[in-house]
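To be precise, the following lines are run_30.txt, and they hold compact mmCIF, C-alpha atoms and all ligand atoms.
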# COMPACT_ATOMS: atom_id res chain seq x y z
CA MET A 1 0.00 0.00 0.00
CA MET A 2 2.80 2.41 1.00
CA THR A 3 4.69 1.51 -2.20
CA GLU A 4 1.61 2.41 -4.23
CA VAL A 5 1.35 5.79 -2.45
CA PHE A 6 5.03 6.50 -3.20
CA ARG A 7 4.63 5.41 -6.81
CA LEU A 8 1.68 7.76 -7.31
CA ARG A 9 3.49 10.57 -5.54
CA ASN A 10 6.48 10.09 -7.86
CA LEU A 11 4.14 10.14 -10.81
CA GLU A 12 2.63 13.44 -9.61
CA GLN A 13 6.12 14.89 -9.34
CA ALA A 14 6.94 13.66 -12.82
CA ILE A 15 3.75 15.32 -14.14
CA GLU A 16 4.61 18.60 -12.37
CA GLN A 17 8.10 18.54 -13.86
CA ALA A 18 6.94 17.65 -17.38
CA ALA A 19 4.31 20.41 -17.25
CA LYS A 20 6.92 22.90 -16.06
CA ASP A 21 9.28 21.93 -18.90
CA GLU A 22 6.57 22.28 -21.53
CA LEU A 23 5.48 25.64 -20.12
CA SER A 24 9.07 26.94 -20.20
CA LYS A 25 9.46 25.88 -23.83
CA TYR A 26 6.22 27.68 -24.68
CA GLU A 27 7.32 30.78 -22.81
CA ALA A 28 10.61 30.88 -24.69
CA SER A 29 9.05 30.43 -28.12
CA SER A 30 6.22 32.93 -27.62
CA GLN A 31 8.30 35.59 -25.91
CA CYS A 32 9.01 37.43 -29.18
CA PHE A 33 5.28 38.10 -29.64
CA PHE A 34 4.65 39.32 -26.09
CA ASN A 35 7.84 41.43 -26.20
CA TYR A 36 6.69 43.03 -29.43
CA LEU A 37 3.33 43.98 -27.88
CA GLU A 38 5.11 45.36 -24.85
CA GLN A 39 7.41 47.43 -27.03
CA LEU A 40 4.53 48.89 -29.10
CA SER A 41 2.51 49.60 -25.96
CA LYS A 42 5.09 52.22 -25.01
CA ASP A 43 4.50 54.06 -28.27
CA SER A 44 1.60 53.15 -30.58
CA PHE A 45 -0.29 50.49 -32.52
CA ASN A 46 -1.93 51.16 -35.83
CA ARG A 47 -5.49 50.36 -36.87
CA LYS A 48 -4.50 47.47 -39.15
CA GLN A 49 -2.35 45.90 -36.43
CA PHE A 50 -5.18 46.00 -33.90
CA GLN A 51 -7.55 44.53 -36.52
CA ILE A 52 -5.14 41.67 -37.30
CA TYR A 53 -4.75 40.94 -33.61
CA ARG A 54 -8.52 41.20 -32.91
CA ASP A 55 -9.68 39.03 -35.82
CA ASN A 56 -7.15 36.30 -35.13
CA PHE A 57 -7.81 36.34 -31.41
CA PHE A 58 -11.58 36.07 -32.01
CA PHE A 59 -10.93 33.20 -34.42
CA ARG A 60 -8.69 31.47 -31.88
CA THR A 61 -11.06 31.95 -28.98
CA SER A 62 -14.41 31.24 -30.64
CA SER A 63 -14.18 27.50 -29.95
CA THR A 64 -13.36 27.82 -26.23
CA THR A 65 -16.90 27.02 -25.03
CA ARG A 66 -17.01 23.95 -27.28
CA SER A 67 -13.60 22.86 -25.99
CA ILE A 68 -14.67 23.06 -22.34
CA PHE A 69 -17.81 21.12 -23.24
CA ARG A 70 -15.64 18.40 -24.82
CA VAL A 71 -13.64 17.97 -21.60
CA PHE A 72 -16.89 17.87 -19.64
CA LEU A 73 -18.19 15.16 -21.98
CA ALA A 74 -14.91 13.21 -21.88
CA ALA A 75 -15.03 13.25 -18.06
CA ALA A 76 -18.57 11.86 -18.13
CA LEU A 77 -17.65 9.15 -20.63
CA ASN A 78 -14.70 8.16 -18.45
CA ALA A 79 -16.85 8.10 -15.30
CA ASP A 80 -14.54 10.73 -13.77
CA TYR A 81 -17.16 12.55 -11.73
CA THR A 82 -14.81 14.90 -9.83
CA THR A 83 -13.56 16.34 -13.13
CA PHE A 84 -17.09 16.22 -14.53
CA CYS A 85 -18.17 18.52 -11.66
CA SER A 86 -15.23 20.90 -12.01
CA MET A 87 -15.75 21.15 -15.79
CA ARG A 88 -19.44 21.80 -15.22
CA GLU A 89 -18.36 24.76 -13.07
CA ASN A 90 -15.87 25.89 -15.72
CA LEU A 91 -18.58 25.72 -18.40
CA PHE A 92 -20.95 27.63 -16.14
CA ASP A 93 -18.28 30.38 -15.76
CA GLU A 94 -17.80 30.51 -19.53
CA LEU A 95 -21.55 30.84 -20.06
CA GLY A 96 -21.81 33.82 -17.69
CA ARG A 97 -23.08 31.85 -14.69
CA GLY A 98 -26.60 31.87 -16.08
CA ASN A 99 -26.55 35.45 -17.39
CA PRO A 100 -26.25 35.50 -21.22
CA GLU A 101 -25.02 39.12 -21.07
CA LYS A 102 -21.99 37.91 -19.09
CA ARG A 103 -21.16 34.98 -21.36
CA HIS A 104 -17.41 35.24 -21.95
CA LEU A 105 -17.66 35.39 -25.74
CA THR A 106 -20.24 38.20 -25.37
CA LEU A 107 -17.89 40.09 -23.04
CA LEU A 108 -15.04 39.52 -25.50
CA GLU A 109 -17.00 40.99 -28.43
CA LYS A 110 -18.20 43.90 -26.34
CA SER A 111 -14.73 44.75 -25.09
CA TYR A 112 -12.77 44.46 -28.34
CA ASN A 113 -15.44 46.12 -30.48
CA PHE A 114 -15.87 49.05 -28.11
CA HIS A 115 -12.09 49.57 -27.99
CA GLY A 116 -11.58 48.96 -31.73
CA GLU A 117 -14.25 51.48 -32.64
CA LYS A 118 -13.31 54.15 -30.11
CA VAL A 119 -9.52 54.04 -30.40
CA PHE A 120 -8.92 52.79 -33.95
CA GLY A 121 -12.18 53.64 -35.74
CA LEU A 122 -12.71 50.00 -36.70
CA PRO A 123 -16.12 48.61 -37.70
CA ARG A 124 -17.53 46.09 -35.23
CA ILE A 125 -17.36 42.38 -35.95
CA SER A 126 -18.87 39.33 -34.28
CA VAL A 127 -17.12 36.09 -33.42
CA GLN A 128 -19.19 34.39 -36.18
CA GLU A 129 -18.41 37.05 -38.81
CA VAL A 130 -14.69 36.76 -38.14
CA GLU A 131 -14.77 33.32 -39.82
CA GLN A 132 -14.90 35.22 -43.16
CA SER A 133 -12.21 37.76 -42.26
CA PRO A 134 -9.42 37.96 -44.86
CA LEU A 135 -7.00 38.73 -42.01
CA ILE A 136 -7.07 35.24 -40.50
CA CYS A 137 -3.59 33.83 -40.82
CA GLU A 138 -2.85 30.20 -41.70
CA GLU A 139 -1.39 29.63 -38.20
CA ALA A 140 -4.77 30.49 -36.67
CA ARG A 141 -6.45 27.85 -38.85
CA TYR A 142 -3.71 25.36 -37.91
CA PHE A 143 -4.24 26.20 -34.22
CA ARG A 144 -7.97 25.51 -34.43
CA GLU A 145 -7.39 22.21 -36.21
CA ILE A 146 -4.88 21.01 -33.61
CA GLN A 147 -7.06 22.27 -30.76
CA LYS A 148 -10.04 20.31 -32.09
CA SER A 149 -8.03 17.15 -32.64
CA LEU A 150 -6.71 17.29 -29.06
CA TYR A 151 -10.05 18.02 -27.38
CA CYS A 152 -11.66 15.20 -29.41
CA HIS A 153 -8.77 12.80 -28.84
CA LYS A 154 -9.59 9.16 -28.12
CA TYR A 155 -7.30 9.16 -25.08
CA TYR A 156 -8.77 10.99 -22.09
CA GLN A 157 -5.30 11.95 -20.80
CA VAL A 158 -4.49 13.81 -24.02
CA VAL A 159 -7.75 15.78 -23.62
CA LEU A 160 -6.85 16.61 -20.02
CA GLY A 161 -3.28 17.60 -20.93
CA CYS A 162 -4.57 19.96 -23.59
CA SER A 163 -7.18 21.43 -21.24
CA PHE A 164 -4.55 22.01 -18.55
CA ALA A 165 -2.21 23.71 -21.05
CA GLN A 166 -4.92 26.06 -22.31
CA GLU A 167 -5.91 27.04 -18.76
CA ALA A 168 -2.34 27.32 -17.50
CA VAL A 169 -1.27 29.96 -20.02
CA ALA A 170 -4.56 31.89 -20.15
CA ASN A 171 -3.85 34.21 -17.25
CA HIS A 172 -0.52 35.49 -18.58
CA MET A 173 -1.93 35.83 -22.11
CA LEU A 174 -4.90 37.94 -21.01
CA GLU A 175 -2.89 40.00 -18.54
CA SER A 176 -0.43 40.82 -21.28
CA PHE A 177 -3.10 41.75 -23.85
CA TYR A 178 -4.91 43.95 -21.34
CA LYS A 179 -1.70 45.68 -20.28
CA THR A 180 -0.32 46.28 -23.77
CA LEU A 181 -3.27 46.79 -26.13
CA PHE A 182 -5.96 48.22 -23.88
CA LEU A 183 -4.69 49.96 -20.73
CA PRO A 184 -2.29 52.34 -22.56
CA TYR A 185 -5.36 53.87 -24.27
CA LYS A 186 -7.36 54.30 -21.09
CA PHE A 187 -6.73 58.06 -21.21
CA LEU A 188 -9.07 58.26 -24.26
CA TYR A 189 -11.98 57.05 -22.14
CA ASN A 190 -14.11 58.62 -19.46
CA GLU A 191 -15.81 56.28 -17.04
CA ASP A 192 -16.75 53.89 -19.89
CA PHE A 193 -13.45 51.98 -19.76
CA GLU A 194 -15.32 49.46 -17.62
CA GLN A 195 -16.95 48.11 -20.82
CA VAL A 196 -13.47 47.28 -22.09
CA SER A 197 -11.98 45.87 -18.92
CA GLU A 198 -14.83 43.57 -17.84
CA TYR A 199 -13.74 40.73 -20.15
CA PHE A 200 -10.19 40.84 -18.80
CA LEU A 201 -11.00 41.38 -15.15
CA THR A 202 -13.46 38.47 -15.22
CA HIS A 203 -10.54 36.21 -16.12
CA ILE A 204 -7.40 37.60 -14.51
CA THR A 205 -8.61 38.07 -10.97
CA GLY A 206 -8.22 34.42 -10.04
CA LEU A 207 -10.60 32.59 -12.38
CA GLU A 208 -7.98 31.30 -14.83
CA LYS A 209 -5.60 30.32 -12.05
CA ASN A 210 -8.41 28.37 -10.45
CA HIS A 211 -9.26 26.62 -13.75
CA ALA A 212 -5.59 25.71 -14.21
CA GLU A 213 -5.37 24.25 -10.69
CA LYS A 214 -8.54 22.18 -11.22
CA ALA A 215 -7.22 20.99 -14.59
CA LYS A 216 -3.99 19.88 -12.92
CA GLN A 217 -5.90 17.97 -10.26
CA ALA A 218 -7.87 16.25 -13.04
CA ILE A 219 -4.59 15.10 -14.60
CA PHE A 220 -3.30 13.71 -11.29
CA LYS A 221 -6.50 11.74 -10.90
CA ALA A 222 -6.40 10.29 -14.42
CA CYS A 223 -2.72 9.35 -14.39
CA SER A 224 -1.81 6.01 -12.89
CA ASN A 225 1.11 4.90 -15.05
CA GLU A 226 3.89 6.01 -17.38
CA HIS A 227 1.79 5.62 -20.51
CA ALA A 228 -0.86 7.96 -19.09
CA LEU A 229 1.87 10.46 -18.26
CA GLN A 230 3.15 10.37 -21.86
CA LEU A 231 -0.35 11.01 -23.16
CA VAL A 232 -0.76 14.00 -20.82
CA VAL A 233 2.56 15.43 -22.02
CA GLU A 234 1.46 14.92 -25.62
CA GLY A 235 -1.70 16.97 -24.96
CA ILE A 236 0.20 19.74 -23.18
CA SER A 237 3.03 19.93 -25.66
CA ARG A 238 0.94 19.85 -28.86
CA PHE A 239 -1.46 22.50 -27.59
CA LEU A 240 1.31 24.85 -26.46
CA ASN A 241 3.24 24.35 -29.67
CA ALA A 242 0.19 25.23 -31.78
CA GLN A 243 -0.46 28.33 -29.67
CA ALA A 244 3.18 29.50 -29.92
CA VAL A 245 2.99 29.01 -33.70
CA LEU A 246 -0.19 31.10 -33.72
CA TRP A 247 1.50 33.98 -31.87
CA LYS A 248 4.36 33.90 -34.37
CA GLY A 249 1.89 34.10 -37.26
CA ILE A 250 0.08 37.11 -35.73
CA LEU A 251 3.44 38.73 -34.98
CA ARG A 252 4.56 38.35 -38.60
CA GLU A 253 1.32 39.92 -39.88
CA MET A 254 1.50 42.78 -37.36
CA ILE A 255 5.09 43.56 -38.37
CA LYS A 256 4.07 43.53 -42.04
CA ALA A 257 1.29 46.01 -41.25
CA GLN A 258 3.66 48.43 -39.54
CA SER A 259 3.83 50.74 -42.52
CA GLU A 260 0.31 50.22 -43.77
CA ASP A 261 -1.77 52.49 -41.57
CA ASP A 262 -1.82 55.48 -39.22
CA PHE A 263 -0.61 54.89 -35.69
CA VAL A 264 -2.67 55.82 -32.65
CA SER A 265 -0.27 57.09 -30.04
CA VAL A 266 -0.60 56.02 -26.43
CA PHE A 267 0.34 59.56 -25.38
CA LEU A 268 -1.93 62.54 -25.03
CA TYR A 269 -0.31 65.45 -26.81
FE FE A 301 -13.51 32.54 -20.33
FE FE A 302 -10.40 29.11 -18.10

Encoding of this model in structure tokens:
Amino acid sequence: MMTEVFRLRNLEQAIEQAAKDELSKYEASSQCFFNYLEQLSKDSFNRKQFQIYRDNFFFRTSSTTRSIFRVFLAAALNADYTTFCSMRENLFDELGRGNPEKRHLTLLEKSYNFHGEKVFGLPRISVQEVEQSPLICEEARYFREIQKSLYCHKYYQVVLGCSFAQEAVANHMLESFYKTLFLPYKFLYNEDFEQVSEYFLTHITGLEKNHAEKAKQAIFKACSNEHALQLVVEGISRFLNAQAVLWKGILREMIKAQSEDDFVSVFLY
């Protein structure tokens, strides 16, 4: 019995380490994108750059609700009722906890469209309409394909690895976007900045960290041997790789657009 406890504890440590390694690799390969945003946030973005970022981020994020539902379903099919309950809670968060106005995709559209219109003079677009946007880069389509294949994977541990990866990097991603693309333009707003920040504040004030912790617990529970561990790592690594590739694609398009439009300075002259 004690040997079994030690074996499982070692396995948990191995999962922690593998997750840490994969997250470091992701951090290193996506740093160029986040650094670029940081650099521009000290000066200015142009309209085309914000549009490229917005359309690709909408495209990337539009399947989040479906993805959470797939984990929820996979937990049910695997009779994993602890994870089933935590994913039910996650889904409930995503759907606005019963208030359609607070559904996360609704908050996303509201925030980005309000900001895009006010700061950059961009026409509004919905998450559905973005499917037809000519600005969607091939890396965004690749990301969605990989994401779907992982969330629909026949092995439950791959699904859980992917879910953990998505949750684990969400907080940093949203904090960075809020800080670089939105907050520097706060001076253009009166009290209506709340409409922009609600989407971000809903996520970065503990919600994503909580989702990531629950997703990690789900992995621990579903991992009882080396093979399961390898499947988890496959889910984590393939998701993070696809997301890092996506950031590089958006970065390339934003750099290309540098000379194509007027910049909106973050300073009040
Ligand atoms: Fe969300
Ligand atoms: Fe989440």

- Message: For a test of reading the model, state the distance in Å between atom CA of Arg47 of chain A and atom CA of Glu194 of chain A, rounded to one decimal.
- Response: 21.6 Å

- Task: Give the residues close to ligand FE 301 (chain A), within 10 Å, counting all atoms listed in the file; write them as number ranges by chain.
- Result: A: 61, 64-65, 68, 90-96, 103-105, 107-108, 167, 170, 199-200, 202-204, 207-208, 211

- With all atoms listed in the file as the basis for distance, which of A:Asn78, A:Ser67, A:Gln128, A:Gln31 is at the shortest distance from ligand FE 302 (chain A)? A:Ser67

- Message: When you look at Leu150 of chain A with a cut-off of 9 Å (counting all atoms listed in the file), what residues show up, excluding the ones that are within fewer than 2 positions of it in the same chain? I need them as a VMD selection string.
- Response: chain A and resid 145 to 148 152 to 154 158 to 159 161 to 163 235 238 to 239

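For the pair atom CA of Ala228 of chain A and atom CA of Ile15 of chain A, the interatomic distance is 10.0 Å.
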
- Straight-line distance linking atom CA of Phe143 of chain A with atom CA of Gln166 of chain A, stated in Å to one decimal: 11.9 Å

Determine the axis-aligned bounding box of all atoms of segment 97-104 of chain A present in the file, pad each side by 3 Å, and express its centre and edge lengths in Å to one decimal place as JSON.
{"center_x": -22.0, "center_y": 35.5, "center_z": -18.3, "size_x": 15.2, "size_y": 13.3, "size_z": 13.3}

- Of A:Ala74, A:Val245, A:Ala215, A:Ala28, the one sitting nearest ligand FE 302 (chain A) when using only C-alpha atoms and all ligand atoms is A:Ala215

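Restricting the calculation to only C-alpha atoms and all ligand atoms, the smallest distance between ligand FE 302 (chain A) and any of A:Ser265, A:Thr106, A:Ser86, A:Asn113 is found for A:Ser86.
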
For segment 8-11 of chain A: contacts at 10 Å, all atoms listed in the file, fewer than 4 positions along chain excluded, given as a short mmCIF file (atom, residue, chain, number, x, y, z; two decimals) with C-alpha atoms, keeping the file's coordinate frame:
data_model
loop_
_atom_site.label_atom_id
_atom_site.label_comp_id
_atom_site.auth_asym_id
_atom_site.auth_seq_id
_atom_site.Cartn_x
_atom_site.Cartn_y
_atom_site.Cartn_z
CA MET A 2 2.80 2.41 1.00
CA THR A 3 4.69 1.51 -2.20
CA GLU A 4 1.61 2.41 -4.23
CA ILE A 15 3.75 15.32 -14.14
CA GLU A 16 4.61 18.60 -12.37
CA GLN A 17 8.10 18.54 -13.86
CA PHE A 220 -3.30 13.71 -11.29
CA LYS A 221 -6.50 11.74 -10.90
CA CYS A 223 -2.72 9.35 -14.39
CA SER A 224 -1.81 6.01 -12.89
CA ASN A 225 1.11 4.90 -15.05
CA GLU A 226 3.89 6.01 -17.38
CA ALA A 228 -0.86 7.96 -19.09
CA LEU A 229 1.87 10.46 -18.26
#
